[in-house]
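A.B. asks: Sharing entry_14.txt here; it has compact mmCIF, C-alpha atoms.
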# COMPACT_ATOMS: atom_id res chain seq x y z
CA MET A 233 -0.04 5.51 12.09
CA ASN A 234 0.32 6.04 15.80
CA GLN A 235 0.41 2.73 17.62
CA VAL A 236 -2.57 2.02 19.84
CA THR A 237 -1.33 -0.13 22.74
CA ILE A 238 -2.53 -1.99 25.80
CA THR A 239 -0.46 -2.56 28.95
CA PHE A 240 -2.11 -5.74 30.27
CA LYS A 241 -1.43 -9.34 29.25
CA PRO A 242 -4.67 -10.69 27.70
CA LYS A 243 -3.86 -14.36 28.43
CA ASN A 244 -3.39 -13.66 32.14
CA VAL A 245 -6.65 -11.71 32.30
CA THR A 246 -8.74 -14.39 30.60
CA LYS A 247 -7.18 -17.10 32.79
CA GLY A 248 -8.41 -15.28 35.88
CA LEU A 249 -11.88 -14.72 34.42
CA LEU A 250 -12.29 -18.34 33.31
CA SER A 251 -11.52 -19.54 36.85
CA ALA A 252 -15.14 -18.66 37.69
CA LEU A 253 -16.33 -21.59 35.55
CA ALA A 254 -16.56 -25.32 36.11
CA GLU A 255 -13.97 -27.42 34.29
CA ARG A 256 -16.16 -28.52 31.35
CA ALA A 257 -17.57 -25.03 30.77
CA ARG A 258 -14.06 -23.58 30.96
CA ASP A 259 -12.79 -26.06 28.35
CA ILE A 260 -15.73 -25.34 26.06
CA MET A 261 -15.05 -21.61 26.24
CA ARG A 262 -11.36 -22.10 25.50
CA LYS A 263 -12.23 -24.18 22.44
CA ARG A 264 -15.02 -21.87 21.28
CA TYR A 265 -12.88 -18.72 21.37
CA GLY A 266 -9.58 -20.28 20.28
CA LEU A 267 -7.80 -19.48 23.52
CA ASP A 268 -5.35 -22.33 23.00
CA GLN A 269 -5.15 -22.31 19.18
CA ASN A 270 -5.32 -19.91 16.26
CA GLU A 271 -9.00 -20.44 15.51
CA GLY A 272 -12.10 -21.00 17.60
CA MET A 273 -14.11 -24.16 17.05
CA THR A 274 -17.67 -24.33 15.75
CA LEU A 275 -20.59 -25.26 17.98
CA GLU A 276 -20.96 -28.44 15.92
CA ALA A 277 -17.32 -29.51 16.39
CA ILE A 278 -17.41 -28.90 20.15
CA GLY A 279 -20.70 -30.77 20.42
CA GLN A 280 -19.15 -33.82 18.76
CA ILE A 281 -16.33 -33.86 21.30
CA TYR A 282 -18.72 -33.84 24.25
CA GLY A 283 -21.53 -35.83 22.67
CA ILE A 284 -24.04 -32.98 22.97
CA THR A 285 -26.02 -30.91 20.48
CA ARG A 286 -24.76 -27.64 19.02
CA GLU A 287 -27.68 -25.88 20.72
CA ARG A 288 -26.56 -27.26 24.07
CA VAL A 289 -23.06 -25.91 23.42
CA ARG A 290 -24.57 -22.50 22.64
CA GLN A 291 -26.51 -22.60 25.92
CA ILE A 292 -23.33 -23.43 27.86
CA GLU A 293 -21.51 -20.57 26.11
CA ASP A 294 -24.24 -18.02 26.91
CA PHE A 295 -24.53 -19.23 30.52
CA SER A 296 -20.74 -19.12 30.98
CA LEU A 297 -20.55 -15.51 29.80
CA LYS A 298 -23.23 -14.56 32.33
CA VAL A 299 -21.43 -16.41 35.14
CA ILE A 300 -18.14 -14.63 34.37
CA ARG A 301 -19.83 -11.20 34.29
CA LYS A 302 -21.30 -11.83 37.74
CA SER A 303 -18.02 -13.10 39.23
CA PRO A 304 -15.70 -11.18 41.58
CA ALA A 305 -12.91 -11.63 39.01
CA PHE A 306 -14.93 -9.64 36.46
CA ALA A 307 -15.56 -6.83 38.94
CA GLU A 308 -11.86 -6.70 39.74
CA THR A 309 -10.95 -6.44 36.04
CA GLN A 310 -12.89 -3.29 35.15
CA ASP A 311 -9.70 -1.25 34.76
CA ILE A 312 -8.69 -3.72 32.03
CA PHE A 313 -11.96 -3.16 30.17
CA ALA A 314 -11.56 0.60 30.61
CA GLU A 315 -8.12 0.39 29.00
CA LEU A 316 -9.48 -1.68 26.13
CA LYS A 317 -12.29 0.84 25.66
CA HIS A 318 -9.73 3.66 25.53
CA ALA A 319 -7.71 1.73 22.94
CA LEU A 320 -10.79 1.32 20.75
CA HIS A 321 -11.61 5.02 21.10
CA GLU A 322 -8.06 6.01 20.13
CA TYR A 323 -8.20 3.65 17.14
CA GLY A 324 -11.22 5.51 15.78
CA GLY A 325 -14.26 4.53 17.84
CA VAL A 326 -15.39 1.93 15.32
CA ALA A 327 -12.92 -0.70 14.15
CA HIS A 328 -12.63 -3.57 11.71
CA GLU A 329 -12.47 -6.60 13.99
CA ARG A 330 -9.49 -8.37 12.45
CA ASP A 331 -7.48 -5.18 11.87
CA PHE A 332 -8.06 -3.88 15.39
CA LEU A 333 -7.00 -7.16 17.01
CA ALA A 334 -3.92 -7.39 14.78
CA HIS A 335 -3.05 -3.79 15.65
CA LEU A 336 -3.04 -4.60 19.36
CA ASP A 337 -1.03 -7.82 19.04
CA LYS A 338 0.47 -9.75 16.12
CA ASN A 339 0.05 -13.14 17.79
CA GLU A 340 -3.19 -14.79 16.62
CA VAL A 341 -3.83 -16.63 19.87
CA VAL A 342 -3.40 -13.41 21.85
CA GLN A 343 -5.81 -11.75 19.42
CA ASN A 344 -8.35 -14.45 20.31
CA HIS A 345 -7.97 -13.60 23.98
CA ILE A 346 -8.57 -9.90 23.26
CA HIS A 347 -11.62 -10.84 21.19
CA PHE A 348 -12.94 -12.85 24.13
CA LEU A 349 -12.57 -9.78 26.34
CA LEU A 350 -14.48 -7.66 23.83
CA VAL A 351 -17.31 -10.22 23.89
CA LEU A 352 -17.32 -10.17 27.69
CA GLY A 353 -17.14 -6.40 28.11
CA THR A 354 -20.58 -4.90 28.61
CA GLU A 355 -19.67 -1.61 26.89
CA PHE A 356 -18.54 -3.18 23.61
CA THR A 357 -20.92 -3.79 20.71
CA LYS A 358 -20.16 -6.03 17.76
CA ARG A 359 -21.83 -4.79 14.60
CA LYS A 360 -22.10 -7.95 12.55
CA GLU A 361 -20.96 -8.35 8.98
CA ASP A 362 -23.49 -7.55 6.25
CA ASP A 363 -23.43 -6.71 2.53
CA GLU A 364 -21.93 -3.26 3.16
CA PHE A 365 -19.55 -3.71 6.09
CA HIS A 366 -17.24 -6.24 7.75
CA HIS A 367 -17.47 -7.30 11.40
CA ARG A 368 -16.63 -4.22 13.47
CA TRP A 369 -16.55 -3.18 17.12
CA THR A 370 -17.62 0.03 18.79
CA THR A 371 -18.59 1.47 22.17
CA ASP A 372 -20.85 4.10 20.58
CA ASP A 373 -23.46 2.96 18.05
CA ASP A 374 -24.37 6.54 17.12
CA HIS A 375 -20.74 7.28 16.24
CA ALA A 376 -20.47 4.04 14.26
CA GLU A 377 -23.66 4.83 12.36
CA LYS A 378 -22.35 8.28 11.39
CA ILE A 379 -19.14 6.75 10.03
CA GLU A 380 -21.05 4.12 8.08
CA GLN A 381 -23.45 6.69 6.63
CA THR A 382 -20.46 8.76 5.49
CA ILE A 383 -18.91 5.75 3.77
CA ARG A 384 -22.21 5.07 2.00
CA LYS A 385 -22.33 8.73 0.87
CA VAL A 386 -18.78 8.58 -0.52
CA ALA A 387 -19.53 5.32 -2.36
CA SER A 388 -22.66 6.87 -3.92
CA LYS A 389 -20.55 9.66 -5.44
CA LEU A 390 -18.18 7.28 -7.26
CA SER A 391 -18.64 5.56 -10.60
CA GLU A 392 -17.14 2.18 -11.47
CA GLU A 393 -14.49 3.98 -13.55
CA ASP A 394 -13.23 6.09 -10.65
CA LEU A 395 -9.90 5.13 -9.08
CA LEU A 396 -8.30 7.28 -6.39
CA PRO A 397 -4.99 7.22 -4.50
CA GLU A 398 -5.46 6.46 -0.82
CA GLU A 399 -4.73 10.05 0.20
CA GLU A 400 -7.53 11.35 -2.03
CA MET A 401 -9.99 8.73 -0.79
CA VAL A 402 -9.18 9.66 2.83
CA LYS A 403 -9.67 13.37 2.08
CA MET A 404 -12.98 12.60 0.38
CA LEU A 405 -14.18 10.66 3.43
CA VAL A 406 -13.07 13.40 5.84
CA LYS A 407 -14.77 16.05 3.69
CA HIS A 408 -18.15 14.34 4.07
CA LEU A 409 -17.88 13.63 7.80
CA ASP A 410 -20.37 15.15 10.20
CA SER A 411 -18.75 18.13 11.95
CA GLY A 412 -19.17 16.40 15.31
CA VAL A 413 -17.10 13.42 14.16
CA ALA A 414 -14.02 15.28 12.93
CA GLY A 415 -11.23 15.97 15.40
CA ASN A 416 -7.56 15.41 16.10
CA GLY A 417 -6.00 12.71 13.96
CA VAL A 418 -9.14 12.39 11.85
CA GLU A 419 -7.27 11.49 8.64
CA GLU A 420 -5.42 8.70 10.40
CA LYS A 421 -8.69 7.37 11.79
CA ALA A 422 -10.36 7.72 8.38
CA ARG A 423 -7.86 5.24 6.92
CA ARG A 424 -8.97 2.75 9.57
CA TRP A 425 -12.67 3.47 8.95
CA LEU A 426 -12.22 2.67 5.27
CA ALA A 427 -11.21 -0.86 6.27
CA ILE A 428 -14.70 -1.65 7.61
CA SER A 429 -16.28 -1.01 4.21
CA LYS A 430 -17.31 -3.63 1.68
CA LEU A 431 -18.49 -0.85 -0.66
CA LEU A 432 -15.00 0.60 -1.12
CA GLY A 433 -11.77 -1.31 -1.63
CA THR A 434 -8.31 -1.29 -3.17
CA ASN A 435 -6.93 -2.95 -6.28
CA PRO A 436 -3.51 -4.69 -6.40
CA VAL A 437 -1.69 -1.38 -6.96
CA GLY A 438 -3.32 0.35 -3.98
CA GLU A 439 -5.88 2.51 -5.77
CA TRP A 440 -9.31 2.92 -4.15
CA GLY A 441 -12.70 2.60 -5.81
CA LEU A 442 -15.99 0.74 -5.73
CA THR A 443 -15.59 -2.96 -4.97
CA THR A 444 -18.08 -3.71 -7.75
CA SER A 445 -15.67 -2.26 -10.32
CA PRO A 446 -13.51 -4.67 -12.35
CA ASN A 447 -10.73 -2.11 -11.88
CA VAL A 448 -10.80 -2.84 -8.14
CA ARG A 449 -11.97 -6.43 -7.86
CA VAL A 450 -9.37 -7.67 -10.32
CA ARG A 451 -10.06 -11.16 -11.64
CA GLY A 452 -8.96 -11.80 -15.22
CA ILE A 453 -6.29 -10.84 -17.74
CA ARG A 454 -8.32 -7.83 -18.92
CA ASP A 455 -8.42 -6.34 -15.42
CA TYR A 456 -4.71 -6.84 -14.85
CA ALA A 457 -3.98 -5.36 -18.30
CA PHE A 458 -5.99 -2.28 -17.36
CA LEU A 459 -3.81 -1.75 -14.27
CA VAL A 460 -0.62 -2.28 -16.28
CA LEU A 461 -1.59 0.26 -18.94
CA ARG A 462 -2.83 2.72 -16.34
CA GLU A 463 0.52 2.48 -14.55
CA GLN A 464 2.45 2.80 -17.84
CA GLY A 465 0.49 5.86 -18.93
CA SER A 466 1.06 5.29 -22.65
CA PRO A 467 0.17 2.66 -25.30
CA MET A 468 1.87 -0.73 -25.08
CA HIS A 469 2.18 -3.75 -27.37
CA PHE A 470 0.14 -6.70 -26.14
CA THR A 471 3.28 -8.80 -25.69
CA GLU A 472 4.66 -6.15 -23.33
CA VAL A 473 1.34 -6.02 -21.50
CA ALA A 474 1.48 -9.80 -20.98
CA LYS A 475 5.07 -9.58 -19.74
CA SER A 476 4.22 -6.75 -17.32
CA ILE A 477 1.26 -8.70 -15.91
CA HIS A 478 3.64 -11.53 -15.06
CA ASN A 479 6.34 -9.24 -13.65
CA SER A 480 4.00 -7.02 -11.61
CA PHE A 481 1.44 -9.52 -10.36
CA SER A 482 3.19 -12.92 -10.71
CA ARG A 483 0.34 -14.02 -12.93
CA ARG A 484 1.00 -15.96 -16.09
CA ALA A 485 -0.40 -14.22 -19.18
CA ASN A 486 -0.15 -15.79 -22.62
CA PRO A 487 0.47 -12.98 -25.17
CA ALA A 488 -2.04 -14.34 -27.70
CA THR A 489 -4.69 -14.71 -24.99
CA CYS A 490 -3.93 -11.18 -23.80
CA HIS A 491 -4.41 -9.83 -27.35
CA ASN A 492 -7.74 -11.68 -27.73
CA GLU A 493 -9.03 -10.43 -24.38
CA LEU A 494 -8.10 -6.78 -24.93
CA ILE A 495 -9.70 -6.53 -28.34
CA LYS A 496 -13.06 -7.56 -26.82
CA ASP A 497 -13.01 -5.02 -23.98
CA LYS A 498 -14.26 -1.44 -24.45
CA ARG A 499 -11.73 -0.19 -21.89
CA PHE A 500 -9.01 -0.69 -24.53
CA VAL A 501 -8.41 0.77 -27.99
CA LEU A 502 -6.21 -0.84 -30.63
CA VAL A 503 -4.08 2.09 -31.81
CA GLY A 504 -1.54 0.31 -33.97
CA ARG A 505 -0.31 -3.15 -34.89
CA GLY A 506 -0.69 -4.90 -31.56
CA MET A 507 -0.53 -1.57 -29.70
CA TYR A 508 -3.22 -0.87 -27.10
CA ALA A 509 -4.25 2.27 -25.22
CA LEU A 510 -6.95 2.94 -22.68
CA SER A 511 -10.15 4.35 -24.15
CA ASP A 512 -10.43 6.93 -21.37
CA TRP A 513 -7.22 8.50 -22.66
CA GLY A 514 -9.35 9.93 -25.49
CA TYR A 515 -8.32 7.69 -28.36
CA THR A 516 -10.93 7.21 -31.12
CA ARG A 517 -12.11 3.67 -31.69
CA GLY A 518 -12.10 2.07 -35.17
CA VAL A 519 -9.77 1.48 -38.10
CA VAL A 520 -7.70 4.30 -39.62
CA ARG A 521 -10.44 5.19 -42.12
CA GLU A 522 -12.98 5.52 -39.31
CA VAL A 523 -10.58 7.68 -37.32
CA ILE A 524 -10.18 10.01 -40.32
CA GLU A 525 -13.97 10.20 -40.70
CA THR A 526 -14.40 11.10 -37.04
CA ILE A 527 -11.73 13.82 -37.26
CA LEU A 528 -13.20 15.40 -40.40
CA LYS A 529 -16.74 15.33 -39.01
CA GLU A 530 -15.56 17.00 -35.84
CA HIS A 531 -13.24 19.62 -37.33
CA GLY A 532 -14.59 20.10 -40.86
CA PRO A 533 -12.42 20.16 -44.02
CA LEU A 534 -8.71 19.79 -43.27
CA THR A 535 -5.51 19.71 -45.26
CA GLU A 536 -3.64 16.49 -45.82
CA GLU A 537 -0.99 17.66 -43.35
CA ASP A 538 -3.58 18.44 -40.65
CA VAL A 539 -5.33 15.09 -41.07
CA LEU A 540 -2.02 13.23 -40.95
CA GLY A 541 -0.94 15.02 -37.77
CA ARG A 542 -4.24 14.37 -36.00
CA VAL A 543 -4.45 10.70 -36.98
CA LEU A 544 -0.88 10.01 -35.86
CA LYS A 545 -1.88 11.23 -32.41
CA GLU A 546 -4.59 8.57 -32.42
CA ARG A 547 -2.82 5.67 -34.13
CA TYR A 548 0.66 4.16 -34.15
CA VAL A 549 0.76 3.60 -37.94
CA LYS A 550 2.95 4.60 -40.87
CA PRO A 551 2.11 7.98 -42.44
CA ASN A 552 1.57 6.28 -45.78
CA THR A 553 -1.22 4.14 -44.27
CA VAL A 554 -3.06 7.32 -43.32
CA LEU A 555 -2.54 8.91 -46.76
CA VAL A 556 -3.74 5.81 -48.64
CA ASN A 557 -6.96 5.85 -46.65
CA LEU A 558 -7.42 9.61 -46.96
CA ARG A 559 -7.01 9.53 -50.76
CA ASN A 560 -9.67 6.85 -51.20
CA PRO A 561 -12.39 8.65 -53.24
CA ASN A 562 -15.04 6.21 -52.05
CA TYR A 563 -14.88 7.77 -48.59
CA PHE A 564 -13.23 11.19 -48.85
CA LYS A 565 -13.42 14.14 -51.26
CA ARG A 566 -10.60 16.55 -52.01
CA GLU A 567 -11.75 20.12 -52.56
CA LYS A 568 -10.14 22.61 -54.94
CA ASP A 569 -8.25 24.26 -52.10
CA GLY A 570 -6.64 20.90 -51.26
CA ARG A 571 -8.64 20.25 -48.09
CA TYR A 572 -10.42 16.95 -47.51
CA LEU A 573 -13.93 16.22 -46.30
CA VAL A 574 -16.11 13.14 -45.87
CA GLU A 575 -17.68 12.04 -49.17
Give the structure from the file, written as C-alpha cells.
C.D. replies:
Amino acid sequence: MNQVTITFKPKNVTKGLLSALAERARDIMRKRYGLDQNEGMTLEAIGQIYGITRERVRQIEDFSLKVIRKSPAFAETQDIFAELKHALHEYGGVAHERDFLAHLDKNEVVQNHIHFLLVLGTEFTKRKEDDEFHHRWTTDDDHAEKIEQTIRKVASKLSEEDLLPEEEMVKMLVKHLDSGVAGNGVEEKARRWLAISKLLGTNPVGEWGLTTSPNVRVRGIRDYAFLVLREQGSPMHFTEVAKSIHNSFSRRANPATCHNELIKDKRFVLVGRGMYALSDWGYTRGVVREVIETILKEHGPLTEEDVLGRVLKERYVKPNTVLVNLRNPNYFKREKDGRYLVE
C-alpha cells in the first residue's frame, strides 16, 4: 500500500491547542484522551481522582472542546486539520479508527494525539461502532454510507461455506461499488474499507468470508482441522491433522480428541481407517456398503471392476474390503452378464 503521511508533529499541535484551557481542564483532557499514556481514562476513573461525578467530567470535557475550537490557537491550526483531512481522503475517505491511526504513526501515544485532533476537527465525523461496523472516521457521510452499503451487499451474496482469497474479496467489493465511488487506487482503498466491516473477516490463514462462519471465526479443534485439510487439499489421517494444527497454529490438539471431533462434524467424511476428507470435495458419506449402494443407484448396474474403481476414489480401503461388501447377497445382486445392482 502507498503510505499516507502527515508532516506535522501531533504532540506539538495538541500542546498549543490545550494551552487555551485552565490547568485542571487541561489535565482532565490529557487523561481522558491518553495524551501522556497509551490509553485514555474513563470518566469514572478521572472523577475519582478529582472527587467529582462522571457526569461532571463529561461536562468539563464537552466545555473544553468548545473552548479550544473558539481559541486563536485553533484558528491558527486550520492548515493542520486540512492536512489531516487530506490524509483521510487519500486513505479511502472512510477509515477504521485504529488502523488509520496506526497507519499514520506506530507510536500509541502519538496515535492518541491524532485521535484528539480528529475529535476536535469540525469536518471529521466518527461513525460509532455497531453490530455491522467498527468505529470509523470520515469527512463525507454520503461516501461512507455508500461504502457500507456495498459491504452489506457483498456479505449478502456469501454463504457460510464461502472462503475467498483477499484478492478475490477485494475484486468482489470493487465490482459492486457505485460508479461514483470508484477511481484511482480503488483496489488499494477497498482493502482498507474491508477493515471497517464486522460482517466480513479473515480466518487464521488469511481467507475472507462471513464472520458468522465457523470457517472464519475459528474457535475449536474442528474449525482448525477444517483449515488444515483445506490447505492440504487431500485426505489426512487424524493424527496428522492433530500434528498440523499444532505446527500451523501453535494449538495443542490431542489426536484422540481430534478423531472424536471430526467424526461428529458434517464438514468431514471418514474415507478410510482414520483418514478424513472434506465433504465439499464430493466424497460420499457412509460405510463402504453404503458407498457402493450410492454408486449403483446413481450409475445403474456396473461390473465388479467399475464398482471397485469408483469406490477406491471415495475410500482409502483395501480392494478386498470393497469386494467382500459387493458380493454380499443380502445387499447386492449379480446379474447374468456379471454386473451388480442393488438387491
A.B. asks: What is the distance between CA of Glu255 (chain A) and CA of Ile292 (chain A), in Å to one decimal?
C.D. replies: 12.0 Å
A.B. asks: Tell me, in Å to one decimal, how far CA of Met468 (chain A) is from CA of Arg542 (chain A).
C.D. replies: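 Taking CA of Met468 (chain A) and CA of Arg542 (chain A), their separation equals 19.6 Å.
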A.B. asks: Tell me, as an mmCIF file with C-alpha atoms, in the coordinates of the input, which residues lie within 12 Å of region 516-528 of chain A, counting only C-alpha atoms; anything in the same chain fewer than 6 positions away does not count.
C.D. replies:
data_model
loop_
_atom_site.group_PDB
_atom_site.id
_atom_site.type_symbol
_atom_site.label_atom_id
_atom_site.label_comp_id
_atom_site.auth_asym_id
_atom_site.auth_seq_id
_atom_site.Cartn_x
_atom_site.Cartn_y
_atom_site.Cartn_z
ATOM 1 C CA ILE A 495 -9.700 -6.530 -28.340
ATOM 2 C CA ASP A 497 -13.010 -5.020 -23.980
ATOM 3 C CA LYS A 498 -14.260 -1.440 -24.450
ATOM 4 C CA ARG A 499 -11.730 -0.190 -21.890
ATOM 5 C CA PHE A 500 -9.010 -0.690 -24.530
ATOM 6 C CA VAL A 501 -8.410 0.770 -27.990
ATOM 7 C CA LEU A 502 -6.210 -0.840 -30.630
ATOM 8 C CA VAL A 503 -4.080 2.090 -31.810
ATOM 9 C CA GLY A 504 -1.540 0.310 -33.970
ATOM 10 C CA ARG A 505 -0.310 -3.150 -34.890
ATOM 11 C CA TYR A 508 -3.220 -0.870 -27.100
ATOM 12 C CA ALA A 509 -4.250 2.270 -25.220
ATOM 13 C CA LEU A 510 -6.950 2.940 -22.680
ATOM 14 C CA LEU A 534 -8.710 19.790 -43.270
ATOM 15 C CA THR A 535 -5.510 19.710 -45.260
ATOM 16 C CA GLU A 536 -3.640 16.490 -45.820
ATOM 17 C CA ASP A 538 -3.580 18.440 -40.650
ATOM 18 C CA VAL A 539 -5.330 15.090 -41.070
ATOM 19 C CA LEU A 540 -2.020 13.230 -40.950
ATOM 20 C CA GLY A 541 -0.940 15.020 -37.770
ATOM 21 C CA ARG A 542 -4.240 14.370 -36.000
ATOM 22 C CA VAL A 543 -4.450 10.700 -36.980
ATOM 23 C CA LEU A 544 -0.880 10.010 -35.860
ATOM 24 C CA LYS A 545 -1.880 11.230 -32.410
ATOM 25 C CA GLU A 546 -4.590 8.570 -32.420
ATOM 26 C CA ARG A 547 -2.820 5.670 -34.130
ATOM 27 C CA TYR A 548 0.660 4.160 -34.150
ATOM 28 C CA VAL A 549 0.760 3.600 -37.940
ATOM 29 C CA LYS A 550 2.950 4.600 -40.870
ATOM 30 C CA PRO A 551 2.110 7.980 -42.440
ATOM 31 C CA ASN A 552 1.570 6.280 -45.780
ATOM 32 C CA THR A 553 -1.220 4.140 -44.270
ATOM 33 C CA VAL A 554 -3.060 7.320 -43.320
ATOM 34 C CA LEU A 555 -2.540 8.910 -46.760
ATOM 35 C CA VAL A 556 -3.740 5.810 -48.640
ATOM 36 C CA ASN A 557 -6.960 5.850 -46.650
ATOM 37 C CA LEU A 558 -7.420 9.610 -46.960
ATOM 38 C CA ARG A 559 -7.010 9.530 -50.760
ATOM 39 C CA ASN A 560 -9.670 6.850 -51.200
ATOM 40 C CA PRO A 561 -12.390 8.650 -53.240
ATOM 41 C CA ASN A 562 -15.040 6.210 -52.050
ATOM 42 C CA TYR A 563 -14.880 7.770 -48.590
ATOM 43 C CA PHE A 564 -13.230 11.190 -48.850
ATOM 44 C CA LYS A 565 -13.420 14.140 -51.260
ATOM 45 C CA ARG A 566 -10.600 16.550 -52.010
ATOM 46 C CA ARG A 571 -8.640 20.250 -48.090
ATOM 47 C CA TYR A 572 -10.420 16.950 -47.510
ATOM 48 C CA LEU A 573 -13.930 16.220 -46.300
ATOM 49 C CA VAL A 574 -16.110 13.140 -45.870
ATOM 50 C CA GLU A 575 -17.680 12.040 -49.170
#
A.B. asks: Can you tell me, as a list of chain:residue names, which residues sit within 12 Å of (-1.9, 1.9, -7.2) in the file's frame, using only C-alpha atoms?
C.D. replies: A:Leu395, A:Leu396, A:Pro397, A:Glu398, A:Glu399, A:Gly433, A:Thr434, A:Asn435, A:Pro436, A:Val437, A:Gly438, A:Glu439, A:Trp440, A:Gly441, A:Asn447, A:Val448, A:Tyr456, A:Phe458, A:Leu459, A:Val460, A:Leu461, A:Arg462, A:Glu463, A:Gln464, A:Ser480
A.B. asks: Find the spatial neighbours of Ala327 (chain A), counting only C-alpha atoms, within a cut-off of 12 Å - ignore same-chain residues fewer than 4 positions away - and output them as a VMD selection string.
C.D. replies: chain A and resid 317 319 to 323 331 to 336 356 to 360 365 to 373 375 to 376 379 to 380 421 to 429
A.B. asks: Please dump the current selection as a PDB file, in the coordinates of the input; keep C-alpha atoms.
C.D. replies:
ATOM      1  CA  LYS A 317     -12.290   0.840  25.660  1.00  0.00           C
ATOM      2  CA  ALA A 319      -7.710   1.730  22.940  1.00  0.00           C
ATOM      3  CA  LEU A 320     -10.790   1.320  20.750  1.00  0.00           C
ATOM      4  CA  HIS A 321     -11.610   5.020  21.100  1.00  0.00           C
ATOM      5  CA  GLU A 322      -8.060   6.010  20.130  1.00  0.00           C
ATOM      6  CA  TYR A 323      -8.200   3.650  17.140  1.00  0.00           C
ATOM      7  CA  ASP A 331      -7.480  -5.180  11.870  1.00  0.00           C
ATOM      8  CA  PHE A 332      -8.060  -3.880  15.390  1.00  0.00           C
ATOM      9  CA  LEU A 333      -7.000  -7.160  17.010  1.00  0.00           C
ATOM     10  CA  ALA A 334      -3.920  -7.390  14.780  1.00  0.00           C
ATOM     11  CA  HIS A 335      -3.050  -3.790  15.650  1.00  0.00           C
ATOM     12  CA  LEU A 336      -3.040  -4.600  19.360  1.00  0.00           C
ATOM     13  CA  PHE A 356     -18.540  -3.180  23.610  1.00  0.00           C
ATOM     14  CA  THR A 357     -20.920  -3.790  20.710  1.00  0.00           C
ATOM     15  CA  LYS A 358     -20.160  -6.030  17.760  1.00  0.00           C
ATOM     16  CA  ARG A 359     -21.830  -4.790  14.600  1.00  0.00           C
ATOM     17  CA  LYS A 360     -22.100  -7.950  12.550  1.00  0.00           C
ATOM     18  CA  PHE A 365     -19.550  -3.710   6.090  1.00  0.00           C
ATOM     19  CA  HIS A 366     -17.240  -6.240   7.750  1.00  0.00           C
ATOM     20  CA  HIS A 367     -17.470  -7.300  11.400  1.00  0.00           C
ATOM     21  CA  ARG A 368     -16.630  -4.220  13.470  1.00  0.00           C
ATOM     22  CA  TRP A 369     -16.550  -3.180  17.120  1.00  0.00           C
ATOM     23  CA  THR A 370     -17.620   0.030  18.790  1.00  0.00           C
ATOM     24  CA  THR A 371     -18.590   1.470  22.170  1.00  0.00           C
ATOM     25  CA  ASP A 372     -20.850   4.100  20.580  1.00  0.00           C
ATOM     26  CA  ASP A 373     -23.460   2.960  18.050  1.00  0.00           C
ATOM     27  CA  HIS A 375     -20.740   7.280  16.240  1.00  0.00           C
ATOM     28  CA  ALA A 376     -20.470   4.040  14.260  1.00  0.00           C
ATOM     29  CA  ILE A 379     -19.140   6.750  10.030  1.00  0.00           C
ATOM     30  CA  GLU A 380     -21.050   4.120   8.080  1.00  0.00           C
ATOM     31  CA  LYS A 421      -8.690   7.370  11.790  1.00  0.00           C
ATOM     32  CA  ALA A 422     -10.360   7.720   8.380  1.00  0.00           C
ATOM     33  CA  ARG A 423      -7.860   5.240   6.920  1.00  0.00           C
ATOM     34  CA  ARG A 424      -8.970   2.750   9.570  1.00  0.00           C
ATOM     35  CA  TRP A 425     -12.670   3.470   8.950  1.00  0.00           C
ATOM     36  CA  LEU A 426     -12.220   2.670   5.270  1.00  0.00           C
ATOM     37  CA  ALA A 427     -11.210  -0.860   6.270  1.00  0.00           C
ATOM     38  CA  ILE A 428     -14.700  -1.650   7.610  1.00  0.00           C
ATOM     39  CA  SER A 429     -16.280  -1.010   4.210  1.00  0.00           C
TER      40      SER A 429
END
A.B. asks: If I take CA of Lys378 (chain A) and CA of Glu364 (chain A), how far is one from the other in Å, to one decimal?
C.D. replies: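 Answer for the CA of Lys378 (chain A) to CA of Glu364 (chain A) separation: 14.2 Å.
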A.B. asks: If we draw a sphere of 9 Å around (-8.5, -8.7, 30.2), which residues have at least one atom in it when counting all atoms listed in the file? Please report them as a VMD selection string.
C.D. replies: chain A and resid 240 to 249 309 to 313 316 345 to 346 348 to 350
A.B. asks: Identify which of the residues A:Leu250, A:Ala387, A:Ala485, A:Val351 lies closest to Ser303 (chain A), counting only C-alpha atoms when measuring atom-to-atom distances.
C.D. replies: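 For Ser303 (chain A), the nearest of the given residues is A:Leu250.
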A.B. asks: Which residue gives the smallest distance to His347 (chain A) among A:Pro467, A:Pro533, A:Gly570, A:Gly266, with only C-alpha atoms counted?
C.D. replies: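 Ranked by minimum distance to His347 (chain A), first place goes to A:Gly266.
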A.B. asks: Between A:Val402, A:Glu329, A:Lys298, A:Ser391, single out the one closest to Leu352 (chain A), counting only C-alpha atoms.
C.D. replies: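 For Leu352 (chain A), the nearest of the given residues is A:Lys298.
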A.B. asks: For Ser251 (chain A), please output as JSON, numbers by chain all residues within 12 Å (counting all atoms listed in the file; exclusion window: fewer than 5 positions along the same chain).
C.D. replies: {"A": [244, 245, 246, 256, 257, 258, 259, 261, 262, 296, 299, 300, 303, 304, 305, 306]}
